[in-house]
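Structure record follows, encoded as structure tokens.
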Amino acid sequence: MEKVREYLARFGKENEIIVASQSTATVAEAAEAMGVVAGQIAKTLAFRRPEGGAYVIVYAGDARVQGGAFKRRFGCKPSMLSAEETKAATGYAPGGVCPFALPAETTELYLDVSLRRFATVYPACGTANNAICLSPDELYRISAARDWVDTAKIRTEEET
């Protein structure tokens with residue numbers, strides 16, 4: 001979390017990290033801990049890049065990756081990294097993967113438009129019990145994402 005705190009300090013946000021007394025490792029746990037709907041949890045997923053490293057994409061918590069849209073955008077099928085590969089590529093373990101202070105040499109960061117439905121979203125801050133509240137535009141600016149992508153579908157009540 002210190003790496004993320006130092007990163008966020010560049011934007012005056014280092015004291016806005018919310019540390020929960022319970023796990024925020026899953027969307028459901030994070031939504032409960034933050035007192036928000038699942039869609040507001042900004043889940044950060046890592047996918048294999050054909051040339052090595054990872055595409056790191058932040059999705060709304062109630063979104064699921066659409067293979068066809070992903071392939072059209074990135075030219076390959078979505079293949080999530082294993083826990084070990086995710087940690088190696090991003091520096092964070094699953095449950096705490098976040099869009100801040102990512103190693104540029106191994107990752108390309110994008111935000112999915114599914115986040116734009118909300119005034120505020122809650123990405124993790126490097127561990128499985130914290131987050132920060134940001135608007136999607138703040139998240140885009142602070143994370144230094146390369147672009148917005150449209151590679152997800154919102155889950156219906158029956159799918160969750």
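Here, A, B, ... name the chains of the structure tokens in the order displayed, residue numbers run from 1 inside each chain, and ligands are numbered from 1 in the same displayed order.
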
Residue contacts of A:Ile18 (9 Å, only C-alpha atoms) excluding same-chain residues fewer than 6 positions away, as an NGL selection string: :A and (34 or 125 or 129-133)

Near-A:Ser79 list (12 Å; only C-alpha atoms; drop same-chain fewer than 5 positions) as a PyMOL selection string: chain A and resi 45-50+53-56+65-67+70-71+74+85-86

Let me see the file: selected residues, C-alpha atoms, as a CSV table (one decimal), in the first residue's frame.
```
chain,number,residue,atom,x,y,z
A,45,LEU,CA,-8.1,-7.5,-14.3
A,46,ALA,CA,-4.9,-8.6,-16.0
A,47,PHE,CA,-4.9,-10.3,-19.4
A,48,ARG,CA,-2.1,-11.9,-21.4
A,49,ARG,CA,-0.5,-9.7,-24.1
A,50,PRO,CA,0.7,-11.8,-27.1
A,53,GLY,CA,3.3,-8.6,-20.3
A,54,ALA,CA,-0.3,-7.7,-19.6
A,55,TYR,CA,-3.3,-5.7,-20.7
A,56,VAL,CA,-4.6,-4.3,-17.4
A,65,VAL,CA,-15.6,-9.3,-20.3
A,66,GLN,CA,-17.0,-9.9,-23.8
A,67,GLY,CA,-14.6,-12.0,-25.8
A,70,PHE,CA,-11.9,-7.7,-26.5
A,71,LYS,CA,-10.6,-9.4,-29.6
A,74,PHE,CA,-6.7,-5.9,-28.8
A,85,GLU,CA,1.6,-14.0,-13.5
A,86,THR,CA,-0.6,-11.2,-12.3
```

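Atom CA of A:Asp62 is positioned 8.5 Å from atom CA of A:Lys153.
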
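Residue nearest A:Met1 within the list A:Gly96, A:Ala104, A:Arg141, A:Ser23: A:Gly96 [criterion: smallest interatomic distance, only C-alpha atoms].
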
Excluding same-chain residues fewer than 4 positions from A:Ala42, what lies within 8 Å of it counting only C-alpha atoms, as a compact mmCIF listing (two decimals) with N, CA, C and O atoms, in the first residue's frame?
```
# COMPACT_ATOMS: atom_id res chain seq x y z
N VAL A 58 -9.58 -1.94 -16.14
CA VAL A 58 -10.43 -1.70 -14.99
C VAL A 58 -11.88 -1.69 -15.47
O VAL A 58 -12.23 -0.92 -16.38
N TYR A 59 -12.68 -2.56 -14.87
CA TYR A 59 -14.09 -2.73 -15.22
C TYR A 59 -14.98 -2.37 -14.04
O TYR A 59 -14.57 -2.49 -12.88
N ALA A 60 -16.23 -2.03 -14.32
CA ALA A 60 -17.23 -1.93 -13.27
C ALA A 60 -17.40 -3.32 -12.67
O ALA A 60 -17.29 -4.34 -13.38
N GLY A 61 -17.67 -3.37 -11.39
CA GLY A 61 -17.77 -4.66 -10.69
C GLY A 61 -18.85 -5.57 -11.21
O GLY A 61 -18.76 -6.79 -11.05
N LEU A 115 -17.50 1.76 -16.38
CA LEU A 115 -17.32 2.58 -15.18
C LEU A 115 -18.05 3.92 -15.27
O LEU A 115 -18.40 4.50 -14.24
N VAL A 121 -16.44 5.61 -8.28
CA VAL A 121 -16.07 4.20 -8.32
C VAL A 121 -14.95 3.97 -7.30
O VAL A 121 -14.30 4.92 -6.84
N TYR A 122 -14.72 2.71 -6.95
CA TYR A 122 -13.80 2.35 -5.88
C TYR A 122 -12.76 1.32 -6.35
O TYR A 122 -12.98 0.12 -6.21
N PRO A 123 -11.65 1.76 -6.88
CA PRO A 123 -10.58 0.81 -7.20
C PRO A 123 -9.79 0.46 -5.94
O PRO A 123 -9.70 1.27 -4.99
N ALA A 124 -9.19 -0.72 -5.95
CA ALA A 124 -8.32 -1.14 -4.85
C ALA A 124 -7.07 -0.26 -4.84
O ALA A 124 -6.76 0.43 -5.81
```

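The closest residue to A:Thr127, picked from A:Leu81, A:Ala20, A:Val36, A:Ala9 and counting only C-alpha atoms, is A:Ala20.
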
So which residues touch A:Ala144 within 10 Å, counting only C-alpha atoms, skipping near sequence neighbours fewer than 5 positions away, as a tab-separated table (two decimals) with all heavy atoms, in the first residue's frame?
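Output saved as around_4.tsv:
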```
chain	number	residue	atom	x	y	z
A	99	PRO	N	-4.99	0.06	-10.38
A	99	PRO	CA	-4.51	0.76	-11.57
A	99	PRO	C	-3.45	1.82	-11.28
A	99	PRO	O	-3.22	2.70	-12.10
A	99	PRO	CB	-5.78	1.38	-12.12
A	99	PRO	CG	-6.61	1.66	-10.91
A	99	PRO	CD	-6.30	0.55	-9.95
A	100	PHE	N	-2.82	1.75	-10.12
A	100	PHE	CA	-1.85	2.77	-9.73
A	100	PHE	C	-0.45	2.19	-9.61
A	100	PHE	O	-0.27	1.08	-9.12
A	100	PHE	CB	-2.25	3.40	-8.38
A	100	PHE	CG	-3.68	3.83	-8.33
A	100	PHE	CD1	-4.56	3.24	-7.45
A	100	PHE	CD2	-4.15	4.82	-9.18
A	100	PHE	CE1	-5.89	3.64	-7.39
A	100	PHE	CE2	-5.48	5.21	-9.15
A	100	PHE	CZ	-6.35	4.62	-8.25
A	101	ALA	N	0.53	2.98	-10.04
A	101	ALA	CA	1.94	2.61	-9.90
A	101	ALA	C	2.25	1.26	-10.55
A	101	ALA	O	2.99	0.44	-10.01
A	101	ALA	CB	2.36	2.61	-8.43
A	102	LEU	N	1.67	1.04	-11.72
A	102	LEU	CA	1.93	-0.18	-12.47
A	102	LEU	C	3.26	-0.05	-13.22
A	102	LEU	O	3.59	1.03	-13.70
A	102	LEU	CB	0.81	-0.46	-13.46
A	102	LEU	CG	-0.54	-0.82	-12.87
A	102	LEU	CD1	-1.62	-0.78	-13.94
A	102	LEU	CD2	-0.49	-2.17	-12.19
A	108	GLU	N	-0.05	-2.49	-19.95
A	108	GLU	CA	-0.76	-1.42	-20.66
A	108	GLU	C	-2.10	-1.29	-19.95
A	108	GLU	O	-2.87	-2.25	-19.90
A	108	GLU	CB	-1.00	-1.80	-22.13
A	108	GLU	CG	0.22	-1.76	-22.99
A	108	GLU	CD	-0.10	-2.01	-24.47
A	108	GLU	OE1	-1.29	-1.91	-24.87
A	108	GLU	OE2	0.84	-2.32	-25.21
A	109	LEU	N	-2.38	-0.11	-19.41
A	109	LEU	CA	-3.59	0.11	-18.62
A	109	LEU	C	-4.69	0.78	-19.44
A	109	LEU	O	-4.44	1.78	-20.13
A	109	LEU	CB	-3.26	0.98	-17.41
A	109	LEU	CG	-4.45	1.35	-16.52
A	109	LEU	CD1	-5.02	0.12	-15.84
A	109	LEU	CD2	-4.03	2.39	-15.50
A	110	TYR	N	-5.91	0.25	-19.30
A	110	TYR	CA	-7.09	0.80	-19.95
A	110	TYR	C	-8.25	0.82	-18.95
A	110	TYR	O	-8.27	0.02	-18.01
A	110	TYR	CB	-7.51	-0.06	-21.15
A	110	TYR	CG	-6.45	-0.13	-22.22
A	110	TYR	CD1	-5.47	-1.11	-22.18
A	110	TYR	CD2	-6.43	0.80	-23.26
A	110	TYR	CE1	-4.47	-1.17	-23.15
A	110	TYR	CE2	-5.44	0.75	-24.23
A	110	TYR	CZ	-4.46	-0.23	-24.16
A	110	TYR	OH	-3.48	-0.27	-25.13
A	111	LEU	N	-9.21	1.70	-19.16
A	111	LEU	CA	-10.43	1.71	-18.37
A	111	LEU	C	-11.59	1.36	-19.28
A	111	LEU	O	-11.66	1.84	-20.42
A	111	LEU	CB	-10.69	3.10	-17.76
A	111	LEU	CG	-9.61	3.68	-16.85
A	111	LEU	CD1	-10.10	5.00	-16.26
A	111	LEU	CD2	-9.20	2.73	-15.76
A	138	GLU	N	-11.50	11.18	-12.76
A	138	GLU	CA	-10.32	11.26	-11.87
A	138	GLU	C	-9.50	9.98	-11.99
A	138	GLU	O	-8.27	10.04	-12.05
A	138	GLU	CB	-10.74	11.41	-10.41
A	138	GLU	CG	-11.19	12.76	-9.98
A	138	GLU	CD	-11.61	12.76	-8.52
A	138	GLU	OE1	-12.46	11.92	-8.12
A	138	GLU	OE2	-11.08	13.60	-7.78
A	139	LEU	N	-10.18	8.85	-12.01
A	139	LEU	CA	-9.48	7.57	-12.14
A	139	LEU	C	-8.68	7.53	-13.43
A	139	LEU	O	-7.52	7.11	-13.45
A	139	LEU	CB	-10.48	6.41	-12.08
A	139	LEU	CG	-9.89	5.01	-12.28
A	139	LEU	CD1	-8.81	4.71	-11.25
A	139	LEU	CD2	-11.00	3.97	-12.22
```

Could you go through chain A and tell me which residues DSSP, when run on the backbone, assigns to alpha helix (DSSP H), listing them as a CSV table (one decimal) with N, CA, C and O atoms, in the first residue's frame?
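File written: out.csv
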```
chain,number,residue,atom,x,y,z
A,2,GLU,N,2.1,1.2,0.5
A,2,GLU,CA,2.9,2.4,0.6
A,2,GLU,C,3.3,2.9,-0.8
A,2,GLU,O,3.3,4.1,-1.1
A,3,LYS,N,3.5,1.9,-1.7
A,3,LYS,CA,3.8,2.3,-3.1
A,3,LYS,C,2.7,3.1,-3.7
A,3,LYS,O,2.9,4.1,-4.4
A,4,VAL,N,1.4,2.6,-3.4
A,4,VAL,CA,0.3,3.3,-3.9
A,4,VAL,C,0.1,4.7,-3.2
A,4,VAL,O,-0.2,5.7,-3.9
A,5,ARG,N,0.3,4.7,-1.9
A,5,ARG,CA,0.2,6.0,-1.2
A,5,ARG,C,1.2,7.0,-1.8
A,5,ARG,O,0.8,8.1,-2.0
A,6,GLU,N,2.4,6.6,-2.0
A,6,GLU,CA,3.4,7.5,-2.6
A,6,GLU,C,2.9,7.9,-4.0
A,6,GLU,O,3.1,9.1,-4.4
A,7,TYR,N,2.4,7.0,-4.8
A,7,TYR,CA,1.9,7.4,-6.1
A,7,TYR,C,0.8,8.4,-6.0
A,7,TYR,O,0.8,9.4,-6.8
A,8,LEU,N,-0.2,8.1,-5.2
A,8,LEU,CA,-1.3,9.0,-5.0
A,8,LEU,C,-1.0,10.4,-4.5
A,8,LEU,O,-1.7,11.4,-4.7
A,9,ALA,N,0.1,10.5,-3.8
A,9,ALA,CA,0.6,11.7,-3.2
A,9,ALA,C,0.9,12.8,-4.3
A,9,ALA,O,0.7,14.0,-4.1
A,27,VAL,N,-15.5,-8.5,-5.5
A,27,VAL,CA,-16.5,-7.4,-5.7
A,27,VAL,C,-17.5,-7.3,-4.6
A,27,VAL,O,-17.8,-6.2,-4.1
A,28,ALA,N,-18.1,-8.5,-4.3
A,28,ALA,CA,-19.1,-8.5,-3.2
A,28,ALA,C,-18.6,-8.0,-1.9
A,28,ALA,O,-19.3,-7.2,-1.2
A,29,GLU,N,-17.4,-8.4,-1.5
A,29,GLU,CA,-16.8,-8.0,-0.2
A,29,GLU,C,-16.6,-6.5,-0.3
A,29,GLU,O,-16.8,-5.8,0.7
A,30,ALA,N,-16.0,-6.0,-1.4
A,30,ALA,CA,-15.7,-4.6,-1.5
A,30,ALA,C,-16.9,-3.7,-1.5
A,30,ALA,O,-17.0,-2.7,-0.8
A,31,ALA,N,-18.0,-4.2,-2.2
A,31,ALA,CA,-19.2,-3.4,-2.2
A,31,ALA,C,-19.8,-3.3,-0.8
A,31,ALA,O,-20.3,-2.2,-0.3
A,32,GLU,N,-19.8,-4.4,-0.1
A,32,GLU,CA,-20.3,-4.4,1.3
A,32,GLU,C,-19.4,-3.5,2.2
A,32,GLU,O,-20.0,-2.7,2.9
A,33,ALA,N,-18.1,-3.6,2.1
A,33,ALA,CA,-17.2,-2.8,2.9
A,33,ALA,C,-17.4,-1.3,2.7
A,33,ALA,O,-17.3,-0.5,3.6
A,34,MET,N,-17.6,-1.0,1.4
A,34,MET,CA,-17.6,0.4,1.0
A,34,MET,C,-19.1,1.0,1.1
A,34,MET,O,-19.3,2.2,0.9
A,67,GLY,N,-15.7,-11.5,-25.0
A,67,GLY,CA,-14.6,-12.0,-25.8
A,67,GLY,C,-14.4,-11.4,-27.2
A,67,GLY,O,-13.4,-11.0,-27.6
A,68,GLY,N,-15.6,-11.2,-27.9
A,68,GLY,CA,-15.5,-10.6,-29.2
A,68,GLY,C,-15.1,-9.2,-29.2
A,68,GLY,O,-14.3,-8.8,-30.0
A,69,ALA,N,-15.6,-8.4,-28.3
A,69,ALA,CA,-15.3,-7.0,-28.2
A,69,ALA,C,-13.8,-6.9,-27.8
A,69,ALA,O,-13.1,-6.0,-28.3
A,70,PHE,N,-13.3,-7.7,-26.9
A,70,PHE,CA,-11.9,-7.7,-26.5
A,70,PHE,C,-11.0,-8.0,-27.7
A,70,PHE,O,-10.1,-7.3,-27.9
A,71,LYS,N,-11.4,-9.0,-28.4
A,71,LYS,CA,-10.6,-9.4,-29.6
A,71,LYS,C,-10.5,-8.3,-30.6
A,71,LYS,O,-9.5,-8.1,-31.2
A,72,ARG,N,-11.7,-7.7,-30.9
A,72,ARG,CA,-11.7,-6.6,-31.8
A,72,ARG,C,-10.8,-5.5,-31.4
A,72,ARG,O,-10.1,-4.9,-32.2
A,73,ARG,N,-10.8,-5.2,-30.1
A,73,ARG,CA,-10.0,-4.1,-29.6
A,73,ARG,C,-8.5,-4.4,-29.5
A,73,ARG,O,-7.6,-3.6,-29.9
A,74,PHE,N,-8.1,-5.6,-29.1
A,74,PHE,CA,-6.7,-5.9,-28.8
A,74,PHE,C,-6.1,-6.9,-29.8
A,74,PHE,O,-4.9,-7.2,-29.7
A,83,ALA,N,-2.7,-16.1,-10.9
A,83,ALA,CA,-2.3,-15.3,-9.8
A,83,ALA,C,-0.8,-14.9,-9.8
A,83,ALA,O,-0.5,-13.8,-9.5
A,84,GLU,N,0.0,-15.9,-10.0
A,84,GLU,CA,1.5,-15.7,-10.0
A,84,GLU,C,1.9,-14.7,-11.2
A,84,GLU,O,2.7,-13.8,-11.0
A,85,GLU,N,1.3,-14.9,-12.3
A,85,GLU,CA,1.6,-14.0,-13.5
A,85,GLU,C,1.1,-12.6,-13.2
A,85,GLU,O,1.8,-11.7,-13.6
A,86,THR,N,-0.1,-12.5,-12.6
A,86,THR,CA,-0.6,-11.2,-12.3
A,86,THR,C,0.3,-10.4,-11.3
A,86,THR,O,0.6,-9.3,-11.6
A,87,LYS,N,0.7,-11.1,-10.3
A,87,LYS,CA,1.7,-10.5,-9.3
A,87,LYS,C,3.0,-10.1,-10.0
A,87,LYS,O,3.5,-9.0,-9.8
A,88,ALA,N,3.5,-10.9,-10.9
A,88,ALA,CA,4.7,-10.6,-11.6
A,88,ALA,C,4.6,-9.4,-12.5
A,88,ALA,O,5.4,-8.6,-12.6
A,89,ALA,N,3.4,-9.4,-13.2
A,89,ALA,CA,3.2,-8.3,-14.2
A,89,ALA,C,2.9,-7.0,-13.6
A,89,ALA,O,3.3,-5.9,-14.1
A,90,THR,N,2.1,-7.0,-12.5
A,90,THR,CA,1.5,-5.8,-11.9
A,90,THR,C,2.2,-5.3,-10.6
A,90,THR,O,2.1,-4.2,-10.3
A,136,PRO,N,-14.9,8.5,-12.3
A,136,PRO,CA,-14.3,7.8,-13.5
A,136,PRO,C,-13.2,8.7,-14.2
A,136,PRO,O,-12.2,8.3,-14.5
A,137,ASP,N,-13.5,10.0,-14.3
A,137,ASP,CA,-12.6,10.9,-14.9
A,137,ASP,C,-11.3,11.1,-14.1
A,137,ASP,O,-10.2,11.2,-14.6
A,138,GLU,N,-11.5,11.2,-12.8
A,138,GLU,CA,-10.3,11.3,-11.9
A,138,GLU,C,-9.5,10.0,-12.0
A,138,GLU,O,-8.3,10.0,-12.1
A,139,LEU,N,-10.2,8.8,-12.0
A,139,LEU,CA,-9.5,7.6,-12.1
A,139,LEU,C,-8.7,7.5,-13.4
A,139,LEU,O,-7.5,7.1,-13.4
A,140,TYR,N,-9.3,8.0,-14.5
A,140,TYR,CA,-8.6,8.0,-15.8
A,140,TYR,C,-7.3,8.9,-15.7
A,140,TYR,O,-6.2,8.5,-16.1
A,141,ARG,N,-7.5,10.1,-15.2
A,141,ARG,CA,-6.3,11.0,-15.1
A,141,ARG,C,-5.3,10.5,-14.1
A,141,ARG,O,-4.1,10.5,-14.5
A,142,ILE,N,-5.7,10.1,-12.9
A,142,ILE,CA,-4.7,9.6,-11.9
A,142,ILE,C,-4.0,8.3,-12.3
A,142,ILE,O,-2.8,8.2,-12.1
A,143,SER,N,-4.7,7.4,-12.9
A,143,SER,CA,-4.1,6.1,-13.3
A,143,SER,C,-3.2,6.2,-14.5
A,143,SER,O,-2.4,5.3,-14.7
```

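Of the listed residues (A:Arg146, A:Ile17, A:Val37, A:Gly91), A:Arg146 comes nearest to A:Asp112; the distances count only C-alpha atoms.
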
Chain A: residues DSSP assigns to strand (DSSP E), reported as a VMD selection string: chain A and resid 18 to 19 41 to 48 54 to 60 63 to 65 107 to 112 122 to 123 130 to 131 148 to 149 152 to 154

Nearest to A:Arg64, chosen from A:Ser135, A:Thr26, A:Ser114, A:Thr106, with only C-alpha atoms counted in the distances: A:Ser114

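Pairwise distance (atom CA of A:Gly95, atom CA of A:Ile57) equals 14.4 Å.
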